[in-house]
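Below is coords29.csv, holding CSV, C-alpha atoms.
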chain,number,residue,atom,x,y,z
A,18,MET,CA,157.1,112.2,32.2
A,19,LYS,CA,154.2,110.4,30.8
A,20,LEU,CA,156.0,109.1,27.7
A,21,LEU,CA,158.5,107.2,29.8
A,22,GLU,CA,156.1,106.0,32.5
A,23,ASP,CA,153.8,104.6,29.8
A,24,ARG,CA,156.7,102.8,28.1
A,25,ILE,CA,157.9,101.3,31.5
A,26,ARG,CA,154.4,100.1,32.1
A,27,ARG,CA,154.1,98.6,28.6
A,28,ASP,CA,157.6,97.1,28.2
A,29,GLY,CA,159.1,96.9,31.7
A,30,LYS,CA,159.0,93.7,33.7
A,31,VAL,CA,158.8,93.4,37.5
A,32,CYS,CA,160.7,90.3,38.3
A,33,GLU,CA,161.3,88.2,41.4
A,34,GLY,CA,163.0,90.2,44.2
A,35,ASN,CA,161.3,93.4,43.0
A,36,ILE,CA,163.8,93.9,40.2
A,37,LEU,CA,162.5,96.2,37.4
A,38,ARG,CA,163.7,95.0,34.0
A,39,VAL,CA,163.8,97.7,31.3
A,40,ASP,CA,166.5,96.1,29.2
A,41,SER,CA,164.3,95.8,26.1
A,42,PHE,CA,164.4,99.6,25.6
A,43,LEU,CA,166.7,101.3,28.1
A,44,ASN,CA,169.8,99.4,29.0
A,45,HIS,CA,170.7,96.4,26.8
A,46,GLN,CA,168.5,97.0,23.8
A,47,ILE,CA,168.0,100.7,23.5
A,48,ASP,CA,165.3,102.7,21.6
A,49,PRO,CA,167.2,105.7,20.1
A,50,ALA,CA,164.0,107.7,19.4
A,51,LEU,CA,163.0,107.4,23.0
A,52,MET,CA,166.5,108.5,24.1
A,53,GLN,CA,166.2,111.6,21.8
A,54,ALA,CA,162.8,112.5,23.3
A,55,LEU,CA,164.1,112.1,26.9
A,56,ALA,CA,167.1,114.2,26.0
A,57,GLU,CA,164.9,117.0,24.8
A,58,GLU,CA,163.0,116.8,28.1
A,59,PHE,CA,166.2,117.1,30.1
A,60,HIS,CA,167.1,120.1,27.8
A,61,ARG,CA,163.8,121.7,28.6
A,62,LEU,CA,164.1,121.1,32.4
A,63,TYR,CA,167.7,122.4,32.6
A,64,GLY,CA,167.4,125.0,29.8
A,65,ASP,CA,167.6,127.8,32.3
A,66,ARG,CA,171.0,126.7,33.5
A,67,LYS,CA,174.4,127.3,31.9
A,68,ILE,CA,175.7,123.8,31.1
A,69,ASP,CA,179.3,123.4,29.9
A,70,LYS,CA,179.6,119.7,30.0
A,71,VAL,CA,177.6,116.5,30.5
A,72,LEU,CA,179.0,113.8,32.7
A,73,THR,CA,177.9,110.1,33.1
A,74,VAL,CA,179.4,106.8,34.1
A,75,GLU,CA,180.0,103.9,31.7
A,76,ALA,CA,178.3,102.0,30.3
A,77,SER,CA,174.5,102.2,30.3
A,78,GLY,CA,174.4,106.0,30.9
A,79,ILE,CA,176.2,106.8,27.7
A,80,ALA,CA,173.4,106.4,25.3
A,81,ILE,CA,171.1,108.9,27.0
A,82,ALA,CA,174.0,111.2,28.0
A,83,ILE,CA,175.4,111.6,24.4
A,84,MET,CA,171.9,112.7,23.3
A,85,VAL,CA,171.6,115.2,26.2
A,86,ALA,CA,175.1,116.5,25.3
A,87,LEU,CA,174.0,117.0,21.7
A,88,SER,CA,170.9,118.9,22.7
A,89,PHE,CA,173.0,121.3,24.8
A,90,GLY,CA,175.7,121.5,22.2
A,91,VAL,CA,178.4,120.6,24.8
A,92,PRO,CA,180.9,117.7,25.2
A,93,LEU,CA,180.1,114.5,27.0
A,94,VAL,CA,182.6,113.0,29.4
A,95,PHE,CA,182.0,109.5,30.7
A,96,ALA,CA,183.7,108.3,33.9
A,97,LYS,CA,185.4,104.9,33.6
A,98,LYS,CA,185.0,102.2,36.2
A,99,ALA,CA,188.4,101.0,37.5
A,100,LYS,CA,188.8,97.8,39.3
A,101,SER,CA,192.4,98.4,40.1
A,102,LYS,CA,193.4,99.9,43.4
A,103,ASN,CA,196.4,101.5,41.7
A,104,ILE,CA,195.1,104.7,40.3
A,105,ASP,CA,197.3,107.2,38.6
A,106,ASN,CA,196.2,110.1,40.8
A,107,GLU,CA,198.5,112.5,39.1
A,108,ASN,CA,196.5,112.4,36.0
A,109,VAL,CA,193.0,111.5,37.1
A,110,TYR,CA,190.3,112.4,39.6
A,111,SER,CA,188.8,109.3,41.3
A,112,ALA,CA,186.1,108.4,43.8
A,113,ASP,CA,184.9,105.2,45.4
A,114,VAL,CA,181.4,103.9,44.4
A,115,VAL,CA,179.8,101.3,46.7
A,116,SER,CA,177.5,98.9,45.0
A,117,PHE,CA,174.9,97.6,47.5
A,118,THR,CA,173.6,95.2,44.9
A,119,HIS,CA,176.9,93.5,44.2
A,120,GLY,CA,178.6,94.2,47.6
A,121,THR,CA,181.6,95.7,45.9
A,122,VAL,CA,183.5,99.0,45.9
A,123,ASN,CA,184.6,100.3,42.5
A,124,LYS,CA,186.5,103.4,41.6
A,125,VAL,CA,185.2,105.9,39.0
A,126,ILE,CA,188.0,107.8,37.3
A,127,ILE,CA,188.1,110.8,35.0
A,128,SER,CA,191.1,112.3,33.3
A,129,LYS,CA,192.1,115.7,34.7
A,130,GLU,CA,192.3,116.9,31.1
A,131,PHE,CA,188.5,116.8,30.7
A,132,LEU,CA,187.1,118.5,33.8
A,133,HIS,CA,188.1,122.0,34.8
A,134,ALA,CA,187.6,124.5,37.6
A,135,GLY,CA,184.6,126.8,37.0
A,136,GLU,CA,182.7,124.4,34.6
A,137,ASN,CA,179.0,123.8,35.1
A,138,VAL,CA,178.4,120.1,34.8
A,139,LEU,CA,175.1,118.2,34.3
A,140,LEU,CA,175.2,114.7,35.6
A,141,ILE,CA,173.1,112.1,33.7
A,142,ASP,CA,172.4,108.5,34.4
A,143,ASP,CA,169.9,105.8,33.6
A,144,PHE,CA,169.0,104.7,37.1
A,145,LEU,CA,168.9,106.3,40.6
A,146,ALA,CA,168.6,104.0,43.5
A,147,ASN,CA,171.0,104.5,46.4
A,148,GLY,CA,172.7,107.4,44.7
A,149,GLN,CA,176.2,106.1,45.2
A,150,ALA,CA,177.3,106.5,41.5
A,151,MET,CA,176.0,110.2,41.5
A,152,LEU,CA,177.8,110.9,44.9
A,153,GLY,CA,181.0,109.5,43.3
A,154,LEU,CA,180.6,111.9,40.3
A,155,MET,CA,179.8,114.8,42.6
A,156,ASP,CA,183.0,114.0,44.5
A,157,VAL,CA,185.0,114.0,41.2
A,158,VAL,CA,183.4,117.3,40.1
A,159,ALA,CA,184.3,118.9,43.4
A,160,GLN,CA,187.9,117.7,43.1
A,161,ALA,CA,188.2,119.5,39.8
A,162,GLY,CA,186.8,122.7,41.3
A,163,ALA,CA,183.8,122.5,39.0
A,164,THR,CA,180.1,122.8,39.9
A,165,VAL,CA,177.2,120.3,39.6
A,166,ALA,CA,174.5,122.3,37.7
A,167,GLY,CA,172.0,119.5,38.3
A,168,ILE,CA,171.3,115.8,38.0
A,169,GLY,CA,169.1,114.1,35.3
A,170,ILE,CA,167.9,110.5,35.8
A,171,MET,CA,165.7,108.4,33.6
A,172,VAL,CA,164.3,106.0,36.2
A,173,GLU,CA,164.3,106.8,39.9
A,174,LYS,CA,163.5,104.2,42.5
A,175,SER,CA,161.8,106.6,44.9
A,176,TYR,CA,161.5,104.1,47.7
A,177,GLN,CA,165.3,104.1,48.0
A,178,LYS,CA,167.4,106.8,49.5
A,179,GLY,CA,169.3,108.2,46.5
A,180,ARG,CA,167.3,111.3,45.9
A,181,ALA,CA,167.4,112.3,49.6
A,182,LEU,CA,171.2,111.9,49.8
A,183,LEU,CA,171.7,114.1,46.7
A,184,GLU,CA,169.2,116.8,47.8
A,185,GLU,CA,170.8,116.9,51.2
A,186,ARG,CA,173.9,118.2,49.4
A,187,GLY,CA,171.8,121.0,47.8
A,188,VAL,CA,171.7,119.6,44.3
A,189,ARG,CA,168.6,119.7,42.0
A,190,VAL,CA,167.5,116.2,40.9
A,191,GLU,CA,165.1,115.7,37.9
A,192,SER,CA,163.9,112.2,37.2
A,193,LEU,CA,161.7,111.4,34.2
A,194,ALA,CA,160.0,108.4,35.9
A,195,ARG,CA,159.8,108.0,39.6
A,196,VAL,CA,158.8,104.5,40.7
A,197,ALA,CA,157.0,104.7,44.1
A,198,SER,CA,156.5,100.9,44.4
A,199,MET,CA,156.3,97.8,42.3
A,200,ASP,CA,155.1,94.3,42.7
A,201,ALA,CA,155.2,91.3,40.3
A,202,GLU,CA,151.5,90.9,40.8
A,203,THR,CA,150.0,94.4,41.0
A,204,GLY,CA,152.5,96.1,38.8
A,205,ILE,CA,154.2,99.5,39.0
A,206,ARG,CA,153.0,102.7,40.8
A,207,PHE,CA,154.6,106.0,40.0
A,208,VAL,CA,155.0,108.9,42.4
A,209,GLY,CA,151.9,111.1,42.2
A,210,GLU,CA,149.5,108.2,41.3
B,16,MET,CA,186.2,110.8,5.6
B,17,LYS,CA,187.9,114.1,5.6
B,18,LEU,CA,186.0,115.5,8.6
B,19,LEU,CA,187.3,112.8,10.9
B,20,GLU,CA,190.8,112.7,9.5
B,21,ASP,CA,191.2,116.4,10.0
B,22,ARG,CA,189.9,116.1,13.6
B,23,ILE,CA,192.3,113.3,14.3
B,24,ARG,CA,195.2,115.3,12.9
B,25,ARG,CA,194.2,118.3,14.9
B,26,ASP,CA,193.2,116.8,18.3
B,27,GLY,CA,194.7,113.3,18.2
B,28,LYS,CA,198.0,112.6,19.9
B,29,VAL,CA,200.6,110.0,18.9
B,30,CYS,CA,202.2,108.8,22.1
B,31,GLU,CA,205.1,106.6,23.1
B,32,GLY,CA,204.7,103.1,21.9
B,33,ASN,CA,202.7,104.3,18.8
B,34,ILE,CA,199.5,104.7,20.7
B,35,LEU,CA,196.9,107.0,19.1
B,36,ARG,CA,195.1,109.0,21.7
B,37,VAL,CA,191.7,110.4,20.6
B,38,ASP,CA,190.2,110.6,24.1
B,39,SER,CA,189.5,114.3,23.9
B,40,PHE,CA,186.8,113.8,21.3
B,41,LEU,CA,186.1,110.1,20.6
B,42,ASN,CA,186.3,107.9,23.7
B,43,HIS,CA,186.5,109.6,27.1
B,44,GLN,CA,185.4,113.1,26.3
B,45,ILE,CA,183.1,112.8,23.2
B,46,ASP,CA,182.0,115.5,20.8
B,47,PRO,CA,178.3,114.7,20.2
B,48,ALA,CA,178.0,116.9,17.0
B,49,LEU,CA,180.9,114.9,15.5
B,50,MET,CA,179.2,111.6,16.4
B,51,GLN,CA,176.0,112.8,14.7
B,52,ALA,CA,178.0,113.7,11.5
B,53,LEU,CA,179.8,110.4,11.5
B,54,ALA,CA,176.5,108.6,12.1
B,55,GLU,CA,175.0,110.3,9.0
B,56,GLU,CA,178.0,109.1,7.0
B,57,PHE,CA,177.4,105.5,8.1
B,58,HIS,CA,173.8,105.9,7.1
B,59,ARG,CA,174.8,107.2,3.7
B,60,LEU,CA,177.3,104.3,3.2
B,61,TYR,CA,174.9,101.6,4.3
B,62,GLY,CA,171.7,103.3,3.1
B,63,ASP,CA,171.4,100.6,0.3
B,64,ARG,CA,171.1,97.8,2.8
B,65,LYS,CA,168.2,96.7,5.0
B,66,ILE,CA,169.3,97.2,8.6
B,67,ASP,CA,167.1,95.9,11.4
B,68,LYS,CA,169.4,96.5,14.3
B,69,VAL,CA,172.7,98.1,15.3
B,70,LEU,CA,175.0,96.1,17.5
B,71,THR,CA,178.1,97.3,19.4
B,72,VAL,CA,180.2,96.4,22.5
B,73,GLU,CA,180.2,98.4,25.7
B,74,ALA,CA,181.5,101.0,26.5
B,75,SER,CA,183.1,103.4,24.1
B,76,GLY,CA,181.2,102.1,21.0
B,77,ILE,CA,177.8,103.1,22.5
B,78,ALA,CA,178.0,106.9,21.8
B,79,ILE,CA,178.4,106.5,18.0
B,80,ALA,CA,176.2,103.4,17.8
B,81,ILE,CA,173.1,105.1,19.4
B,82,MET,CA,173.5,107.9,16.8
B,83,VAL,CA,173.7,105.4,14.0
B,84,ALA,CA,170.7,103.5,15.3
B,85,LEU,CA,168.8,106.8,15.4
B,86,SER,CA,169.7,107.6,11.8
B,87,PHE,CA,168.4,104.2,10.7
B,88,GLY,CA,165.4,104.3,13.0
B,89,VAL,CA,166.2,100.9,14.5
B,90,PRO,CA,167.1,99.6,18.0
B,91,LEU,CA,170.6,99.5,19.4
B,92,VAL,CA,171.8,96.5,21.3
B,93,PHE,CA,175.1,96.6,23.1
B,94,ALA,CA,177.0,93.4,24.0
B,95,LYS,CA,178.2,93.3,27.6
B,96,LYS,CA,181.6,92.3,28.7
B,97,ALA,CA,181.5,89.4,31.2
B,98,LYS,CA,184.5,88.5,33.2
B,99,SER,CA,182.8,85.5,34.7
B,100,LYS,CA,183.4,82.1,33.2
B,101,ASN,CA,179.9,81.1,34.4
B,102,ILE,CA,177.7,82.3,31.6
B,103,ASP,CA,174.0,81.5,31.6
B,104,ASN,CA,174.0,80.0,28.2
B,105,GLU,CA,170.3,79.2,28.3
B,106,ASN,CA,169.5,82.9,28.1
B,107,VAL,CA,172.4,84.5,26.3
B,108,TYR,CA,174.6,84.2,23.3
B,109,SER,CA,178.3,84.6,24.1
B,110,ALA,CA,181.7,84.6,22.4
B,111,ASP,CA,185.3,84.9,23.5
B,112,VAL,CA,187.2,88.1,22.7
B,113,VAL,CA,191.0,88.0,23.0
B,114,SER,CA,192.7,91.3,23.9
B,115,PHE,CA,196.2,91.4,22.6
B,116,THR,CA,196.8,94.7,24.3
B,117,HIS,CA,195.9,93.4,27.8
B,118,GLY,CA,196.7,89.7,27.2
B,119,THR,CA,193.3,88.7,28.4
B,120,VAL,CA,190.2,86.8,27.2
B,121,ASN,CA,186.8,88.3,27.9
B,122,LYS,CA,183.4,87.1,27.0
B,123,VAL,CA,180.9,89.3,25.2
B,124,ILE,CA,177.3,88.4,25.9
B,125,ILE,CA,173.9,89.3,24.5
B,126,SER,CA,170.5,88.3,25.8
B,127,LYS,CA,168.7,85.9,23.4
B,128,GLU,CA,165.7,88.2,23.7
B,129,PHE,CA,167.4,90.9,21.6
B,130,LEU,CA,168.8,89.1,18.6
B,131,HIS,CA,166.7,87.0,16.3
B,132,ALA,CA,167.0,84.7,13.3
B,133,GLY,CA,166.6,86.6,10.0
B,134,GLU,CA,167.6,90.0,11.3
B,135,ASN,CA,170.1,92.1,9.4
B,136,VAL,CA,172.6,93.6,11.9
B,137,LEU,CA,175.0,96.5,11.4
B,138,LEU,CA,178.0,96.2,13.7
B,139,ILE,CA,179.5,99.6,14.9
B,140,ASP,CA,182.6,100.3,16.9
B,141,ASP,CA,185.0,103.1,17.6
B,142,PHE,CA,188.3,101.2,16.8
B,143,LEU,CA,189.4,98.4,14.6
B,144,ALA,CA,192.8,96.9,15.2
B,145,ASN,CA,193.1,93.2,15.4
B,146,GLY,CA,189.4,92.7,14.8
B,147,GLN,CA,188.8,90.4,17.8
B,148,ALA,CA,185.8,92.3,19.2
B,149,MET,CA,184.1,92.3,15.8
B,150,LEU,CA,184.8,88.6,15.3
B,151,GLY,CA,183.2,88.0,18.6
B,152,LEU,CA,180.1,90.0,17.6
B,153,MET,CA,179.9,88.1,14.2
B,154,ASP,CA,180.0,84.8,16.2
B,155,VAL,CA,177.1,86.0,18.4
B,156,VAL,CA,175.1,87.1,15.4
B,157,ALA,CA,175.7,83.7,13.7
B,158,GLN,CA,174.5,81.9,16.9
B,159,ALA,CA,171.2,83.8,16.6
B,160,GLY,CA,170.8,82.9,13.0
B,161,ALA,CA,171.0,86.6,12.1
B,162,THR,CA,173.1,88.2,9.3
B,163,VAL,CA,175.8,90.8,9.5
B,164,ALA,CA,174.8,93.4,7.0
B,165,GLY,CA,178.1,95.2,7.4
B,166,ILE,CA,180.6,96.7,9.8
B,167,GLY,CA,181.1,100.4,10.5
B,168,ILE,CA,184.3,101.6,12.3
B,169,MET,CA,185.3,105.2,13.2
B,170,VAL,CA,189.1,104.7,13.3
B,171,GLU,CA,190.9,101.7,11.6
B,172,LYS,CA,194.5,100.9,12.3
B,173,SER,CA,195.1,99.7,8.8
B,174,TYR,CA,198.6,98.4,9.6
B,175,GLN,CA,197.0,95.7,11.8
B,176,LYS,CA,195.2,92.7,10.6
B,177,GLY,CA,191.6,93.4,11.6
B,178,ARG,CA,190.2,94.4,8.3
B,179,ALA,CA,191.8,91.4,6.5
B,180,LEU,CA,190.3,89.0,9.0
B,181,LEU,CA,186.8,90.4,8.6
B,182,GLU,CA,186.9,90.6,4.8
B,183,GLU,CA,188.1,87.0,4.7
B,184,ARG,CA,184.7,86.1,6.1
B,185,GLY,CA,183.0,88.0,3.3
B,186,VAL,CA,181.8,91.0,5.3
B,187,ARG,CA,181.9,94.6,4.1
B,188,VAL,CA,183.9,96.9,6.3
B,189,GLU,CA,183.6,100.7,6.1
B,190,SER,CA,186.0,102.8,8.2
B,191,LEU,CA,185.7,106.5,8.4
B,192,ALA,CA,189.4,107.1,9.1
B,193,ARG,CA,192.1,104.6,8.1
B,194,VAL,CA,195.4,105.1,9.8
B,195,ALA,CA,198.2,103.8,7.5
B,196,SER,CA,201.1,104.7,9.9
B,197,MET,CA,201.9,107.0,12.7
B,198,ASP,CA,204.9,108.2,14.5
B,199,ALA,CA,205.3,110.6,17.4
B,200,GLU,CA,207.7,112.8,15.4
B,201,THR,CA,206.3,112.7,11.8
B,202,GLY,CA,202.6,112.4,12.8
B,203,ILE,CA,199.8,110.4,11.2
B,204,ARG,CA,199.5,109.2,7.6
B,205,PHE,CA,196.1,108.0,6.4
B,206,VAL,CA,195.5,105.3,3.7
B,207,GLY,CA,195.5,107.0,0.3
B,208,GLU,CA,197.9,109.8,1.2

Please rewrite the model in this file as structure tokens.
Amino acid sequence: MKLLEDRIRRDGKVCEGNILRVDSFLNHQIDPALMQALAEEFHRLYGDRKIDKVLTVEASGIAIAIMVALSFGVPLVFAKKAKSKNIDNENVYSADVVSFTHGTVNKVIISKEFLHAGENVLLIDDFLANGQAMLGLMDVVAQAGATVAGIGIMVEKSYQKGRALLEERGVRVESLARVASMDAETGIRFVGE
Amino acid sequence: MKLLEDRIRRDGKVCEGNILRVDSFLNHQIDPALMQALAEEFHRLYGDRKIDKVLTVEASGIAIAIMVALSFGVPLVFAKKAKSKNIDNENVYSADVVSFTHGTVNKVIISKEFLHAGENVLLIDDFLANGQAMLGLMDVVAQAGATVAGIGIMVEKSYQKGRALLEERGVRVESLARVASMDAETGIRFVGE
């Protein structure tokens, strides 16, 4: 999506260690008008599917996900990150999420009250890299007997394996900006350029 | 605000230990149309003030705060919770936030890039009880040389000391639902009833 690619090129920063910083408009300071425009794009992309619920993970996915939920007229549920190993499995669905960046394993949990068999769930997140957070949410959705209707991502790092892992499981992935490569000197190249 | 009070009475649950659960529409599953209506009410209440930025704390304040930021046409910044004691004070503003519920002290941090001297900042959060999170944000805003234009809260526990602590510091507090008392048997009473 050109709007987001242009914004990333203008305001994103490629830092040491090939880290893409978009925290001036996506995930620390957030531009709400941009979120609204991106939410409308997700609504256009998935408008052909029946969506009963939008699901994300706290914290930085919430801003885009609430706008997407508004555009579909359905509730948002956000999974919580739990550090504790003692999960109340009677009342929540949970899944492990490996963070390669931090070398940690966190659990994501969702109350059983808010995810039901037969529901069609749209997963939304700000970033897709190794896909572990989305795999965790897919696991939780499966535990509930619900169905993943699709995945919507703002910024995909296409040189990492997340998309392949998700598509292997037969799920549709729509990313609004797909970073093919980046370099502090030469800048960002998107898929298709 | 009657819309929110009615919703709390309908879908809120008063549990053992006088805990008010509103996680079916406010802070685990979230009703986006309700958030939009509440954001418009905050915009009406603070429409007379110059607002340059909306500020909240992750995670459950983000959904309402992004809607408020959209209604004012200004950026949202969300403070991050940092467990680490090693804060990079060269690049961030930080403040301690005591949690009486959990008996812990967390730091909230905001990058210095996203808060500037002279800005008028509207603080938004889902709950106000002891006011510690809002005091932490006020501290951070003061460090930046910015000004708190006001505070907007969805649900205030008016039997706790948060509002008094904030008003003592001369800041205006607008809460859309003010819980005067609650009881698992007799239900919820709002201020003014």

inquiry  = So that I can check the surroundings of range 158-167 of chain B, please list as a ChimeraX atom specification every protein, DNA and RNA residue that reaches within 9 Å of it, counting all atoms listed in the file and ignoring chain neighbours fewer than 3 positions away.
reply    = /B:57,61,64-66,108-109,127,130-141,149,153-155,181,186-191

note = Correct to one decimal, the distance CA of Gly177 in chain B-CA of Asp111 in chain B is 15.9 Å

task = Name the residues in contact with Leu70 in chain B at a cut-off of 6 Å, using all atoms listed in the file, excluding same-chain residues fewer than 5 positions from it; report them as a list in words.
result =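 Non-adjacent residues within range: Leu91, Val92, Phe93 and Leu138 of chain B.
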
Write out, as JSON lines, each residue of chain A that has an atom at most 10 Å from chain B, together with the closest pair of atoms and their distance in Å to one decimal, counting all atoms listed in the file, rows going by chain and rising number.
{"residue": "A:Asp40", "atom": "CA", "partner": "B:Phe129", "partner_atom": "CA", "distance": 9.3}
{"residue": "A:Ser41", "atom": "CA", "partner": "B:Phe129", "partner_atom": "CA", "distance": 7.3}
{"residue": "A:Phe42", "atom": "CA", "partner": "B:Pro90", "partner_atom": "CA", "distance": 8.1}
{"residue": "A:Leu43", "atom": "CA", "partner": "B:Leu91", "partner_atom": "CA", "distance": 9.7}
{"residue": "A:Asn44", "atom": "CA", "partner": "B:Phe93", "partner_atom": "CA", "distance": 8.4}
{"residue": "A:His45", "atom": "CA", "partner": "B:Val92", "partner_atom": "CA", "distance": 5.6}
{"residue": "A:Gln46", "atom": "CA", "partner": "B:Val92", "partner_atom": "CA", "distance": 4.2}
{"residue": "A:Ile47", "atom": "CA", "partner": "B:Leu91", "partner_atom": "CA", "distance": 5.0}
{"residue": "A:Asp48", "atom": "CA", "partner": "B:Pro90", "partner_atom": "CA", "distance": 5.1}
{"residue": "A:Pro49", "atom": "CA", "partner": "B:Leu85", "partner_atom": "CA", "distance": 5.1}
{"residue": "A:Ala50", "atom": "CA", "partner": "B:Leu85", "partner_atom": "CA", "distance": 6.3}
{"residue": "A:Leu51", "atom": "CA", "partner": "B:Leu85", "partner_atom": "CA", "distance": 9.6}
{"residue": "A:Met52", "atom": "CA", "partner": "B:Ile81", "partner_atom": "CA", "distance": 8.8}
{"residue": "A:Gln53", "atom": "CA", "partner": "B:Leu85", "partner_atom": "CA", "distance": 8.4}
{"residue": "A:Lys70", "atom": "CA", "partner": "B:Gln44", "partner_atom": "CA", "distance": 9.5}
{"residue": "A:Val71", "atom": "CA", "partner": "B:Gln44", "partner_atom": "CA", "distance": 9.5}
{"residue": "A:Leu72", "atom": "CA", "partner": "B:Gln44", "partner_atom": "CA", "distance": 9.1}
{"residue": "A:Val74", "atom": "CA", "partner": "B:Ala74", "partner_atom": "CA", "distance": 9.8}
{"residue": "A:Glu75", "atom": "CA", "partner": "B:Ala74", "partner_atom": "CA", "distance": 6.1}
{"residue": "A:Ala76", "atom": "CA", "partner": "B:Ala74", "partner_atom": "CA", "distance": 5.1}
{"residue": "A:Ser77", "atom": "CA", "partner": "B:Ala74", "partner_atom": "CA", "distance": 8.1}
{"residue": "A:Gly78", "atom": "CA", "partner": "B:Ile77", "partner_atom": "CA", "distance": 9.5}
{"residue": "A:Ile79", "atom": "CA", "partner": "B:Ala78", "partner_atom": "CA", "distance": 6.2}
{"residue": "A:Ala80", "atom": "CA", "partner": "B:Ala78", "partner_atom": "CA", "distance": 5.8}
{"residue": "A:Ile81", "atom": "CA", "partner": "B:Ile81", "partner_atom": "CA", "distance": 8.7}
{"residue": "A:Ala82", "atom": "CA", "partner": "B:Ala78", "partner_atom": "CA", "distance": 8.5}
{"residue": "A:Ile83", "atom": "CA", "partner": "B:Ala78", "partner_atom": "CA", "distance": 6.0}
{"residue": "A:Met84", "atom": "CA", "partner": "B:Pro47", "partner_atom": "CA", "distance": 7.4}
{"residue": "A:Val85", "atom": "CA", "partner": "B:Pro47", "partner_atom": "CA", "distance": 9.0}
{"residue": "A:Ala86", "atom": "CA", "partner": "B:Pro47", "partner_atom": "CA", "distance": 6.3}
{"residue": "A:Leu87", "atom": "CA", "partner": "B:Pro47", "partner_atom": "CA", "distance": 5.1}
{"residue": "A:Ser88", "atom": "CA", "partner": "B:Pro47", "partner_atom": "CA", "distance": 8.9}
{"residue": "A:Phe89", "atom": "CA", "partner": "B:Pro47", "partner_atom": "CA", "distance": 9.6}
{"residue": "A:Gly90", "atom": "CA", "partner": "B:Ala48", "partner_atom": "CA", "distance": 7.3}
{"residue": "A:Val91", "atom": "CA", "partner": "B:Asp46", "partner_atom": "CA", "distance": 7.4}
{"residue": "A:Pro92", "atom": "CA", "partner": "B:Asp46", "partner_atom": "CA", "distance": 5.0}
{"residue": "A:Leu93", "atom": "CA", "partner": "B:Ile45", "partner_atom": "CA", "distance": 5.1}
{"residue": "A:Val94", "atom": "CA", "partner": "B:Gln44", "partner_atom": "CA", "distance": 4.2}
{"residue": "A:Phe95", "atom": "CA", "partner": "B:His43", "partner_atom": "CA", "distance": 5.8}
{"residue": "A:Ala96", "atom": "CA", "partner": "B:His43", "partner_atom": "CA", "distance": 7.5}
{"residue": "A:Lys97", "atom": "CA", "partner": "B:His43", "partner_atom": "CA", "distance": 8.1}
{"residue": "A:Ile127", "atom": "CA", "partner": "B:His43", "partner_atom": "CA", "distance": 8.1}
{"residue": "A:Ser128", "atom": "CA", "partner": "B:His43", "partner_atom": "CA", "distance": 8.2}
{"residue": "A:Glu130", "atom": "CA", "partner": "B:Ser39", "partner_atom": "CA", "distance": 8.2}
{"residue": "A:Phe131", "atom": "CA", "partner": "B:Gln44", "partner_atom": "CA", "distance": 6.5}
{"residue": "A:Leu132", "atom": "CA", "partner": "B:Gln44", "partner_atom": "CA", "distance": 9.4}

query = Between CA of Ile205 in chain A and CA of Ser175 in chain A, what is the spacing in Å?
reply =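 Taking CA of Ser175 in chain A as the start and CA of Ile205 in chain A as the end point, the length is 12.0 Å.
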